[in-house]
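Below: one structure, written as structure tokens.
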Amino acid sequence: MQEFIQQVVSGIASGGIFASLALALVLIYNAMGLVNFAQGEMAMFATFIAYTLISHGVNYFIAFPLTLGLAFIGGVLIERAVIRPVERAPVLTLVIVTLGLATLINGAAGFLFGYTPNYFSSPFSAHTVNILGAFASYQDLSVIAVSGIVLVAIYLLLQRTTLGLTLRAAAHHPEASRLLGVRVSWMLALGWGLASAVGAVSGIMVAPILLLEPNMMQTIIIYAFAAAVLGGIDSPLGAVVGGLIVGVTVNLVGAYVVGGDLELAVALAIIIGVLVIKPNGLFGRAAARNV
Amino acid sequence: MQRIRNAPPLYFLGVIVLLFFIGLPTVVSSFQSSEWTQVLIFAIVIMGLNILVGYSGQISLGHGALMAVGAYTSAILIHRYQVDYLLTIPIAGLLTGLVGFVLGIPALRLSALYLALATFALAVVAPSLIKRPVQLTGGVQGILLTPPDPPQFAKDGFAAVTGGLGMTSDQWMYYVSLVLALLLFWLAWNIVRHRPGRAMRAIRDREVAAAASGINVAAYKTMAFGISAFYAGIGGALYGLSIGFVSPDTFPLALSFQLLVGAVIGGLASITGPLVGGIFTFWLPIVSSQFVASQPWIPTGIAAAFKNAGPQVTYGALLIVIMIFAPNGVVGLVTVGYARLQARLRGAGDRGSGQMPSDPQTV
Amino acid sequence: MTALLELEEVRCGYGPTSVLHGVSLSVPDGGIVSLLGANGAGKTTTLRAITGGVPWTGEIRFAGQSLRHKPTEDIVRGGIAHVPEGRGILTELTVDENLRLGEHTRKDRAGVRKDYDRVFEYFPVLRERRKLSASTLSGGEQQMLAVGRALLMSPRLMLLDEPSLGLAPIVVRSIFEIIRTINEADHVAVLLVEQNARLALEISTQAYVLEVGRIAVHGASADLKGNDSVRRSYLGY
């Protein structure tokens with residue numbers, strides 16, 4: 001039983017990581033109907049930036065928000081430079097552009113930071129705390145806490161501020177929003193910036209667990225896809241719920257049923273299962289189907 | 001004589017290219033022949049991918065995984081059941097085609113984006129799925145294949161043409177691949193030219209309208225998946241045979257992506273595009289890493305780092321630039337450029353004739 | 001005195017098809033002008049050209065400034081509120097959020113509060129349904145929301161594209177009354193595109209009739225109303 005609770009807590013922590021990246025995907029999907037295949041690589045790059053800052057003596061708790069800010073700027077720049085020229089292109093073009101971006105960023109990370117895995121130390125020790133008779137590490141709890149804070153912050157931004165309102169308006173109704181004076185093009189860029197920052201959280205949270213190297217996020221993105229698809233690709237709430245479910249399920253199934261090496265296959269099964277049974281996921285409203 | 005004079009210049013170009021490929025192994029080393037075998041294999045797979053993406057409008061980021069199915073089918077048949085290697089190729093193709101057809105059924109319900117996502121996930125997970133049944137697939141080690149010995153008639157023919165040179169297994173595989181590539185090219189050309197091709201194009205452009213005019217959309221779309229998987233299976237089998245082994249890591253996500261890129265850069269919905277795509281897919285990583293290293297004005301430190309990171313960065317950047325400026329790919333650019341040149345030579349008198357520009361895929 | 005809005009020889013179209021073949025019209029400051037004509041005559045296109053939704057040649061001036069090459073958001077922020085065909089309601093958002101978008105660029109918060117009071121005075125149903133999704137509103141209520149939102153933009157000119165479309169006559173009357181009130185109280189000019197010519201002529205001082213991309217008739221509304229042959233040939237009644 002103890003081990004079970006540990007697995008669950010661990011699963012929730014993983015879920016927080018998946019949820020953050022999934023939320024980034026959802027933000028961009030909402031903004032332009034596009035799945036950003038480069039989201040994981042962008043998160044990885046941001047994490048390297050955090051790592052570099054920390055290696056040069058910057059305190060973790062300063063480097064973290066600083067990195068988020070830089071990630072935000074990076075996301076805006078990417079949208080302006082790379083996405084804007086192909087904003088209205090067909091889906092296939094956009095998919096290829098984001099994949100090209102992913103390749104580029106991965107290569108750039110390798111070029112700038114090298115391919116040797118790095119140990120990313122987190123200020124949260126691996127010491128454990130006793131919960132319901134089981135031991136949960138500070139590490140896991142901190143991941144849960146940070147993810148929670150970020151997700152709540154995004155929620156408040158989107159739902160309670162004017163900026164959030166214009167972001168949502170531009171995402172769902174670009175033409176009508178223009179007629180109300182919303183600078184839709186810039187909203188798109190801001191959406192990318194926000195998504196980039198949120199994705200960066202996921203990378204920084206996962207780095208102490210995995211080793212930091214350019215290919216670090218390639219499996220995480222699959223879990224994030226599963227979370228976003230399960231929750232509904234256009235629902236931020238879905239990303240959170242989906243992330244938690246995926247995190248716990250993958251952990252439990254991997255521990256008790258199929259073995260750790262097939263955890264990724266579990267994610268695939270979730271994706272295929274959802275797309276076949278209920279393509280809109282739990283909370284989604286977008287048309288996952290063809291017209 | 002008249003027909004030859006009236007034949008479009010592209011036919012002549014095609015003949016020249018064909019002669020080039022037939023004669024290639026006689027003038028280059030065996031190793032270089034094997035490189036060009038890879039180009040042909042990629043071209044075959046991209047032909048199939050083209051039918052799926054360019055003609056029927058569905059995306060697949062998982063064709064590397066389909067190649068794996070073909071490669072492992074062939075390898076397992078040879079290794080465990082001692083089936084003749086040439087026979088395993090069509091079997092691999094058909095089996096993979098069936099898999100593709102079956103995948104095409106749930107794919108019907110997915111929008112382009114979701115299809116991309118699902119096939120992406122498939123490609124990422126495939127290696128770990130292959131590793132599991134160790135008895136069958138050899139697990140992480142994979143399966144080793146002995147390179148096939150060329151049959152006597154081929155050796156004799158080769159010696160006759162080259163003045164006594166022996167034919168290596170690599171060169172033999174090159175010719176096997178070439179023959180298959182030509183056959184499959186002919187097959188694809190026919191599919192595209194006749195009703196299936198027209199139906200698929202109609203579906204790609206306006207699915208609702210196509211359905212309304214009586215086209216069985218579901219049948220054609222799943223058929224497209226099946227056909228393109230068939231091509232991938234054959235390509236995969238050839239791939240395994242030509243490099244001498246199959247392993248889970250021979251077919252990573254990057255391969256699926258490179259194939260899609262090759263299809264797009266070659267030019268979607270064009271028949272000659274796949275060849276350009278195959279060339280591009282194989283040569284770019286090599287050229288870009290060698291190119292940078294060989295430039296004297298780039299300091300060695302950067303050149304070395306670029307060698308590791310270069311191909312990817314170049315790949316990604318090139319891809320983005322191409323999608324922004326030439327979404328119809330190289331062949332599209334060439335076709336459009338050629339058409340414009342022709343128009344200018346003829347005299348640009350028909351501005352106002354209101355004619356629609358010709359379909360770029362009428363090659 | 002120069003007109004608030006001036007169009008000179010405006011031509012535009014979609015791709016190879018040309019829709020407007022040289023349209024000239026003007027809207028005086030504080031006036032109500034109607035743009036009439038049959039379906040496909042180009043009325044909606046004219047409005048879209050004004051707010052930059054479709055490329056055009058010729059000249060369009062608002063308050064003396066040319067609108068050429070100005071993006072839609074900037075034109076609208078300059079004082080033109082455009083209620084498009086279909087009303088442009090953001091159905092993913094609530095009624096309140098739609099209204100907030102109307103005033104989100106304004107700096108004068110006191111003025112905004114006053115305008116909210118007026119909007120709810122004209123359209124009480126909007127206050128009742130404030131927190132609900134805009135998609136739950138009926139056609140007439142959505143039109144009210146669109147007009148209320150336009151009012152919150154504090155514009156100098158309102159472009160209304162077929163406000164009567166699909167609405168019951170009694171609802172249409174009340175909306176038109178409110179439009180007239182807004183025009184008189186706030187000195188807001190109105191360019192009204194309508195197929196319901198009779199209603200449009202009642203509320204407007206001037207009218208233009210568009211036929212296949214050209215202005216066929218132009219004059220004071222009273223004159224057009226009284227002219228039987230014009231009414232029969234161009235206005236369908």
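Labeling convention for the structure tokens: chains A, B, ... as they appear, residues from 1 per chain, ligands from 1 in order of appearance.
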Per residue of chain A within 8 Å of chain C, what are the shortest atom pair and its distance in Å to one decimal, counting only C-alpha atoms, with rows by chain and residue number, as CSV?
residue,atom,partner,partner_atom,distance
A:Thr162,CA,C:His104,CA,7.3
A:Leu165,CA,C:Glu97,CA,7.4
A:Thr166,CA,C:Leu101,CA,7.4
A:Ala169,CA,C:Leu90,CA,7.1
A:His172,CA,C:Glu92,CA,6.9
A:His173,CA,C:Leu90,CA,6.2
A:Ala176,CA,C:Gly88,CA,5.2
A:Ser177,CA,C:Leu90,CA,7.9
A:Arg178,CA,C:Glu73,CA,5.1
A:Leu179,CA,C:Glu73,CA,6.2
A:Leu180,CA,C:Gly102,CA,6.0
A:Gly181,CA,C:Glu73,CA,4.2
A:Val182,CA,C:Glu73,CA,6.0
A:Arg183,CA,C:Glu73,CA,6.0
Counting only C-alpha atoms, what are the residues of chain A within 8 Å of chain B, and for each of them which pair of atoms is the nearest and at what distance in Å, to one decimal? Sort the table by chain and rising number, as a tab-separated table.
residue	atom	partner	partner_atom	distance
A:Leu34	CA	B:Leu113	CA	7.3
A:Val35	CA	B:Leu113	CA	7.0
A:Val82	CA	B:Ile320	CA	7.3
A:Pro85	CA	B:Ile324	CA	6.4
A:Val86	CA	B:Ile324	CA	6.1
A:Val91	CA	B:Leu113	CA	6.8
A:Leu92	CA	B:Ile59	CA	7.0
A:Thr93	CA	B:Met323	CA	6.3
A:Val95	CA	B:Leu113	CA	7.7
A:Ile96	CA	B:Val261	CA	7.5
A:Val97	CA	B:Ile320	CA	5.3
A:Leu99	CA	B:Gly316	CA	7.7
A:Gly100	CA	B:Gly316	CA	4.1
A:Leu101	CA	B:Gly316	CA	5.7
A:Ala102	CA	B:Gly316	CA	7.3
A:Thr103	CA	B:Gly316	CA	5.1
A:Leu104	CA	B:Gly316	CA	4.4
A:Ile105	CA	B:Val313	CA	7.3
A:Asn106	CA	B:Gln312	CA	7.5
A:Gly107	CA	B:Ala309	CA	4.8
A:Ala108	CA	B:Val313	CA	6.1
A:Gly110	CA	B:Ala309	CA	5.8
A:Phe111	CA	B:Ala309	CA	5.0
A:Thr219	CA	B:Val124	CA	7.9
A:Ile222	CA	B:Ala121	CA	6.3
A:Phe225	CA	B:Leu117	CA	7.7
A:Asp261	CA	B:Ser128	CA	7.0
A:Leu262	CA	B:Ser128	CA	6.8
A:Leu264	CA	B:Val125	CA	6.3
A:Ala265	CA	B:Val125	CA	5.9
A:Leu268	CA	B:Ala121	CA	6.1
A:Ile271	CA	B:Ala118	CA	6.9
A:Ile272	CA	B:Ala118	CA	6.8
A:Leu275	CA	B:Leu110	CA	7.4
A:Val276	CA	B:Pro106	CA	6.4
A:Pro279	CA	B:Leu110	CA	7.8
A:Ala287	CA	B:Ser111	CA	8.0
A:Ala288	CA	B:Ser111	CA	5.5
A:Arg289	CA	B:Leu110	CA	4.7
A:Asn290	CA	B:Ser111	CA	4.7
A:Val291	CA	B:Val208	CA	7.6
Wanna dump the chain C-chain B contacts at 12 Å for me, each residue with its shortest atom pair and the distance in Å to one decimal, counting only C-alpha atoms, ordered by chain and number, as a tab-separated table?
residue	atom	partner	partner_atom	distance
C:Gly15	CA	B:Gly354	CA	11.8
C:Pro16	CA	B:Gly354	CA	8.5
C:Thr17	CA	B:Gly354	CA	10.8
Selection above as a file: N, CA and C atoms, as a PDB file, in the first residue's frame:
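For reference, selection.pdb as written:
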ATOM      1  N   GLY C  15      -9.895  38.534 -55.475  1.00  0.00           N
ATOM      2  CA  GLY C  15      -9.170  37.803 -56.505  1.00  0.00           C
ATOM      3  C   GLY C  15      -9.502  38.372 -57.863  1.00  0.00           C
ATOM      4  N   PRO C  16      -9.816  37.514 -58.807  1.00  0.00           N
ATOM      5  CA  PRO C  16     -10.055  38.003 -60.165  1.00  0.00           C
ATOM      6  C   PRO C  16     -11.413  38.692 -60.344  1.00  0.00           C
ATOM      7  N   THR C  17     -12.311  38.490 -59.363  1.00  0.00           N
ATOM      8  CA  THR C  17     -13.643  39.095 -59.535  1.00  0.00           C
ATOM      9  C   THR C  17     -13.660  40.486 -58.940  1.00  0.00           C
TER      10      THR C  17
END
What lies within 12 Å of region 210-213 of chain B using only C-alpha atoms, ignoring chain neighbours under 4 positions off, as a compact mmCIF listing (two decimals) with C-alpha atoms, in the first residue's frame?
# COMPACT_ATOMS: atom_id res chain seq x y z
CA VAL A 291 -15.38 18.37 -41.78
CA SER B 56 -4.91 12.14 -50.94
CA ARG B 198 -8.24 11.86 -59.82
CA ALA B 199 -10.49 10.70 -57.04
CA MET B 200 -7.77 11.21 -54.50
CA ARG B 201 -6.99 14.66 -55.74
CA ALA B 202 -10.64 15.54 -55.59
CA ILE B 203 -10.72 14.32 -52.02
CA ARG B 204 -7.63 16.27 -51.13
CA ASP B 205 -8.94 19.51 -52.50
CA ARG B 206 -12.54 19.44 -51.45
CA VAL B 217 -14.04 8.87 -49.84
CA ALA B 218 -13.39 6.29 -47.15
CA ALA B 219 -12.35 3.62 -49.62
CA TYR B 220 -9.91 5.84 -51.45
CA LYS B 221 -8.36 7.27 -48.32
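In terms of minimum interatomic distance to Ile154 (chain A), A:Ser20 ranks closest within A:Thr249, A:Ser20, A:Gln39, A:Ser185, counting only C-alpha atoms.
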I need the alpha helix (DSSP H) residues of region 20-264 of chain A per DSSP on the backbone, written as a JSON list (two decimals) with C-alpha atoms, in the first residue's frame.
[["chain", "number", "residue", "atom", "x", "y", "z"],
["A", 20, "SER", "CA", 2.54, 22.17, -17.97],
["A", 21, "LEU", "CA", 3.78, 21.09, -21.36],
["A", 22, "ALA", "CA", 0.28, 20.08, -22.39],
["A", 23, "LEU", "CA", -0.99, 23.49, -21.36],
["A", 24, "ALA", "CA", 1.59, 25.08, -23.61],
["A", 25, "LEU", "CA", 0.33, 22.94, -26.47],
["A", 26, "VAL", "CA", -3.25, 23.90, -25.73],
["A", 27, "LEU", "CA", -2.42, 27.60, -25.62],
["A", 28, "ILE", "CA", -0.93, 27.49, -29.07],
["A", 29, "TYR", "CA", -3.66, 25.25, -30.40],
["A", 30, "ASN", "CA", -6.23, 27.73, -29.18],
["A", 31, "ALA", "CA", -4.33, 30.60, -30.69],
["A", 32, "MET", "CA", -3.98, 29.17, -34.15],
["A", 39, "GLN", "CA", 7.19, 22.74, -27.85],
["A", 40, "GLY", "CA", 9.35, 20.11, -26.16],
["A", 41, "GLU", "CA", 12.52, 21.32, -27.81],
["A", 42, "MET", "CA", 11.75, 24.91, -26.86],
["A", 43, "ALA", "CA", 11.31, 23.79, -23.26],
["A", 44, "MET", "CA", 14.59, 21.91, -23.38],
["A", 45, "PHE", "CA", 16.43, 24.94, -24.70],
["A", 46, "ALA", "CA", 14.99, 27.13, -21.97],
["A", 47, "THR", "CA", 16.10, 24.57, -19.41],
["A", 48, "PHE", "CA", 19.62, 24.76, -20.76],
["A", 49, "ILE", "CA", 19.50, 28.50, -20.32],
["A", 50, "ALA", "CA", 18.43, 28.02, -16.72],
["A", 51, "TYR", "CA", 21.23, 25.54, -16.25],
["A", 52, "THR", "CA", 23.77, 27.94, -17.67],
["A", 53, "LEU", "CA", 22.58, 30.72, -15.39],
["A", 54, "ILE", "CA", 22.75, 28.48, -12.33],
["A", 55, "SER", "CA", 26.20, 27.21, -13.32],
["A", 60, "TYR", "CA", 17.94, 28.89, -8.57],
["A", 61, "PHE", "CA", 15.02, 30.97, -7.38],
["A", 62, "ILE", "CA", 16.17, 33.91, -9.47],
["A", 63, "ALA", "CA", 17.20, 31.87, -12.47],
["A", 64, "PHE", "CA", 13.81, 30.21, -12.64],
["A", 65, "PRO", "CA", 11.65, 33.30, -13.24],
["A", 66, "LEU", "CA", 14.43, 34.88, -15.28],
["A", 67, "THR", "CA", 14.41, 31.87, -17.57],
["A", 68, "LEU", "CA", 10.65, 32.05, -17.88],
["A", 69, "GLY", "CA", 10.98, 35.66, -18.96],
["A", 70, "LEU", "CA", 13.62, 34.76, -21.52],
["A", 71, "ALA", "CA", 11.53, 31.86, -22.73],
["A", 72, "PHE", "CA", 8.61, 34.25, -23.15],
["A", 73, "ILE", "CA", 10.70, 36.57, -25.29],
["A", 74, "GLY", "CA", 12.02, 33.62, -27.26],
["A", 75, "GLY", "CA", 8.51, 32.42, -27.98],
["A", 76, "VAL", "CA", 7.45, 35.84, -29.22],
["A", 77, "LEU", "CA", 10.50, 36.08, -31.47],
["A", 78, "ILE", "CA", 9.92, 32.63, -32.91],
["A", 91, "VAL", "CA", -1.91, 22.44, -41.89],
["A", 92, "LEU", "CA", 0.76, 20.30, -43.50],
["A", 93, "THR", "CA", 3.00, 23.30, -44.05],
["A", 94, "LEU", "CA", 2.64, 24.39, -40.45],
["A", 95, "VAL", "CA", 3.32, 20.89, -39.15],
["A", 96, "ILE", "CA", 6.50, 20.76, -41.19],
["A", 97, "VAL", "CA", 7.56, 24.20, -40.07],
["A", 98, "THR", "CA", 7.18, 23.28, -36.41],
["A", 99, "LEU", "CA", 9.02, 20.02, -36.98],
["A", 100, "GLY", "CA", 11.76, 21.91, -38.78],
["A", 101, "LEU", "CA", 11.87, 24.27, -35.85],
["A", 102, "ALA", "CA", 12.18, 21.31, -33.49],
["A", 103, "THR", "CA", 15.08, 19.93, -35.48],
["A", 104, "LEU", "CA", 16.73, 23.32, -35.60],
["A", 105, "ILE", "CA", 16.40, 23.96, -31.90],
["A", 106, "ASN", "CA", 17.60, 20.48, -31.03],
["A", 107, "GLY", "CA", 20.64, 20.96, -33.25],
["A", 108, "ALA", "CA", 21.29, 24.41, -31.88],
["A", 109, "ALA", "CA", 21.16, 23.07, -28.32],
["A", 110, "GLY", "CA", 23.64, 20.38, -29.26],
["A", 111, "PHE", "CA", 25.85, 22.94, -30.90],
["A", 112, "LEU", "CA", 25.78, 25.41, -28.05],
["A", 113, "PHE", "CA", 25.63, 23.14, -25.05],
["A", 138, "TYR", "CA", 10.31, 16.96, -1.39],
["A", 139, "GLN", "CA", 11.28, 16.81, -5.01],
["A", 140, "ASP", "CA", 7.93, 15.42, -6.06],
["A", 141, "LEU", "CA", 6.03, 17.75, -3.79],
["A", 142, "SER", "CA", 7.86, 20.77, -5.10],
["A", 143, "VAL", "CA", 7.06, 19.78, -8.66],
["A", 144, "ILE", "CA", 3.42, 19.48, -7.73],
["A", 145, "ALA", "CA", 3.49, 22.84, -5.99],
["A", 146, "VAL", "CA", 5.28, 24.72, -8.74],
["A", 147, "SER", "CA", 3.14, 23.24, -11.49],
["A", 148, "GLY", "CA", 0.08, 24.10, -9.50],
["A", 149, "ILE", "CA", 1.17, 27.69, -9.03],
["A", 150, "VAL", "CA", 1.97, 28.15, -12.68],
["A", 151, "LEU", "CA", -1.29, 26.65, -13.84],
["A", 152, "VAL", "CA", -3.30, 28.79, -11.47],
["A", 153, "ALA", "CA", -1.40, 31.86, -12.58],
["A", 154, "ILE", "CA", -2.18, 31.15, -16.22],
["A", 155, "TYR", "CA", -5.80, 30.60, -15.38],
["A", 156, "LEU", "CA", -6.01, 33.95, -13.62],
["A", 157, "LEU", "CA", -4.21, 35.68, -16.43],
["A", 158, "LEU", "CA", -6.52, 34.33, -19.08],
["A", 159, "GLN", "CA", -9.79, 34.63, -17.23],
["A", 160, "ARG", "CA", -9.40, 37.68, -15.02],
["A", 162, "THR", "CA", -8.01, 42.34, -19.96],
["A", 163, "LEU", "CA", -4.89, 40.98, -21.60],
["A", 164, "GLY", "CA", -6.16, 37.47, -21.12],
["A", 165, "LEU", "CA", -9.48, 38.51, -22.57],
["A", 166, "THR", "CA", -7.90, 39.91, -25.70],
["A", 167, "LEU", "CA", -5.74, 36.78, -26.01],
["A", 168, "ARG", "CA", -8.78, 34.57, -25.89],
["A", 169, "ALA", "CA", -10.73, 36.78, -28.23],
["A", 170, "ALA", "CA", -7.90, 36.83, -30.77],
["A", 171, "ALA", "CA", -7.52, 33.07, -30.52],
["A", 172, "HIS", "CA", -11.15, 32.13, -31.04],
["A", 174, "PRO", "CA", -9.60, 36.72, -34.99],
["A", 175, "GLU", "CA", -11.67, 38.58, -37.56],
["A", 176, "ALA", "CA", -14.33, 39.82, -35.18],
["A", 177, "SER", "CA", -11.64, 40.83, -32.68],
["A", 178, "ARG", "CA", -9.88, 42.98, -35.23],
["A", 184, "VAL", "CA", -4.64, 40.04, -33.31],
["A", 185, "SER", "CA", -1.23, 39.50, -34.78],
["A", 186, "TRP", "CA", 0.51, 40.60, -31.61],
["A", 187, "MET", "CA", -1.84, 38.48, -29.54],
["A", 188, "LEU", "CA", -0.65, 35.49, -31.49],
["A", 189, "ALA", "CA", 2.94, 36.37, -30.67],
["A", 190, "LEU", "CA", 2.08, 36.81, -27.01],
["A", 191, "GLY", "CA", 0.33, 33.46, -27.04],
["A", 192, "TRP", "CA", 3.51, 31.85, -28.27],
["A", 193, "GLY", "CA", 5.52, 33.66, -25.64],
["A", 194, "LEU", "CA", 3.21, 32.50, -22.91],
["A", 195, "ALA", "CA", 3.23, 28.94, -24.18],
["A", 196, "SER", "CA", 6.99, 29.00, -24.35],
["A", 197, "ALA", "CA", 7.25, 30.18, -20.75],
["A", 198, "VAL", "CA", 4.80, 27.57, -19.49],
["A", 199, "GLY", "CA", 6.60, 24.85, -21.41],
["A", 200, "ALA", "CA", 9.87, 25.99, -19.88],
["A", 201, "VAL", "CA", 8.43, 25.24, -16.45],
["A", 202, "SER", "CA", 7.94, 21.66, -17.52],
["A", 203, "GLY", "CA", 11.53, 21.40, -18.68],
["A", 204, "ILE", "CA", 13.03, 22.90, -15.54],
["A", 205, "MET", "CA", 10.90, 20.62, -13.38],
["A", 206, "VAL", "CA", 11.88, 17.47, -15.21],
["A", 217, "MET", "CA", 12.07, 16.27, -23.86],
["A", 218, "GLN", "CA", 11.44, 13.86, -26.69],
["A", 219, "THR", "CA", 9.58, 11.38, -24.57],
["A", 220, "ILE", "CA", 7.95, 14.03, -22.39],
["A", 221, "ILE", "CA", 6.32, 15.57, -25.44],
["A", 222, "ILE", "CA", 4.60, 12.28, -26.16],
["A", 223, "TYR", "CA", 3.16, 12.21, -22.65],
["A", 224, "ALA", "CA", 2.13, 15.82, -23.08],
["A", 225, "PHE", "CA", 0.39, 14.95, -26.33],
["A", 226, "ALA", "CA", -1.42, 12.16, -24.56],
["A", 227, "ALA", "CA", -2.46, 14.57, -21.80],
["A", 228, "ALA", "CA", -3.65, 17.22, -24.24],
["A", 229, "VAL", "CA", -5.54, 14.74, -26.39],
["A", 230, "LEU", "CA", -7.12, 13.10, -23.35],
["A", 231, "GLY", "CA", -8.17, 16.41, -21.86],
["A", 236, "PRO", "CA", -6.69, 24.33, -20.62],
["A", 237, "LEU", "CA", -8.55, 22.56, -17.86],
["A", 238, "GLY", "CA", -8.33, 19.42, -19.92],
["A", 239, "ALA", "CA", -4.57, 19.77, -20.14],
["A", 240, "VAL", "CA", -4.33, 19.81, -16.37],
["A", 241, "VAL", "CA", -6.72, 16.95, -15.75],
["A", 242, "GLY", "CA", -5.30, 14.99, -18.65],
["A", 243, "GLY", "CA", -1.79, 15.51, -17.37],
["A", 244, "LEU", "CA", -2.65, 14.17, -13.94],
["A", 245, "ILE", "CA", -4.46, 11.15, -15.32],
["A", 246, "VAL", "CA", -1.67, 10.34, -17.74],
["A", 247, "GLY", "CA", 0.97, 10.79, -15.07],
["A", 248, "VAL", "CA", -0.67, 8.52, -12.56],
["A", 249, "THR", "CA", -1.80, 5.93, -15.11],
["A", 250, "VAL", "CA", 1.55, 5.63, -16.83],
["A", 251, "ASN", "CA", 3.31, 5.32, -13.50],
["A", 252, "LEU", "CA", 0.97, 2.67, -12.15],
["A", 253, "VAL", "CA", 0.75, 0.66, -15.36],
["A", 263, "GLU", "CA", 5.50, 3.32, -20.41],
["A", 264, "LEU", "CA", 5.73, 5.29, -23.63]]
Please indicate the distance in Å from CA of Leu126 (chain C) to CA of Gln195 (chain C), rounded to one decimal place.
-> 26.6 Å
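A straight line drawn from CA of Ser270 (chain B) to CA of Leu94 (chain B) is 24.1 Å long.
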Run DSSP on the backbone and grab whatever in region 88-156 of chain A lands in strand (DSSP E); send it over as a ChimeraX atom specification.
-> /A:128-131,134-137
Go ahead and dump the residues you just picked, N, CA and C atoms, as an mmCIF file, in the first residue's frame.
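Okay, out.cif is ready:
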data_model
loop_
_atom_site.group_PDB
_atom_site.id
_atom_site.type_symbol
_atom_site.label_atom_id
_atom_site.label_comp_id
_atom_site.auth_asym_id
_atom_site.auth_seq_id
_atom_site.Cartn_x
_atom_site.Cartn_y
_atom_site.Cartn_z
ATOM 1 N N THR A 128 12.538 12.821 2.196
ATOM 2 C CA THR A 128 11.120 12.508 2.082
ATOM 3 C C THR A 128 10.316 12.998 3.259
ATOM 4 N N VAL A 129 9.062 13.053 3.008
ATOM 5 C CA VAL A 129 8.112 13.510 4.021
ATOM 6 C C VAL A 129 7.061 12.438 4.161
ATOM 7 N N ASN A 130 6.535 12.287 5.335
ATOM 8 C CA ASN A 130 5.615 11.184 5.560
ATOM 9 C C ASN A 130 4.173 11.606 5.268
ATOM 10 N N ILE A 131 3.576 10.989 4.282
ATOM 11 C CA ILE A 131 2.174 11.298 3.966
ATOM 12 C C ILE A 131 1.378 10.012 4.001
ATOM 13 N N ALA A 134 3.062 6.837 3.772
ATOM 14 C CA ALA A 134 4.018 6.590 2.687
ATOM 15 C C ALA A 134 4.998 7.756 2.625
ATOM 16 N N PHE A 135 6.083 7.539 1.897
ATOM 17 C CA PHE A 135 7.082 8.587 1.821
ATOM 18 C C PHE A 135 7.033 9.288 0.470
ATOM 19 N N ALA A 136 6.819 10.565 0.499
ATOM 20 C CA ALA A 136 6.847 11.340 -0.749
ATOM 21 C C ALA A 136 8.018 12.293 -0.661
ATOM 22 N N SER A 137 8.781 12.384 -1.744
ATOM 23 C CA SER A 137 9.968 13.230 -1.688
ATOM 24 C C SER A 137 9.613 14.695 -1.827
#
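Counting from CA of Met167 (chain B), the distance to CA of Tyr85 (chain B) is 18.1 Å.
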Identify, on the basis of only C-alpha atoms, every residue whose closest approach to Thr46 (chain C) does not exceed 12 Å; exclude the query and any residue fewer than 5 positions from it along the same chain; express the result as JSON, numbers by chain.
-> {"C": [6, 7, 8, 9, 10, 11, 12, 13, 19, 20, 21, 22, 23, 24, 25, 35, 36, 37, 40, 41, 51, 52, 53, 54, 55, 56, 57, 60, 82, 84, 85, 159, 160, 161, 191, 192, 193, 208, 210, 212, 213, 214, 215]}
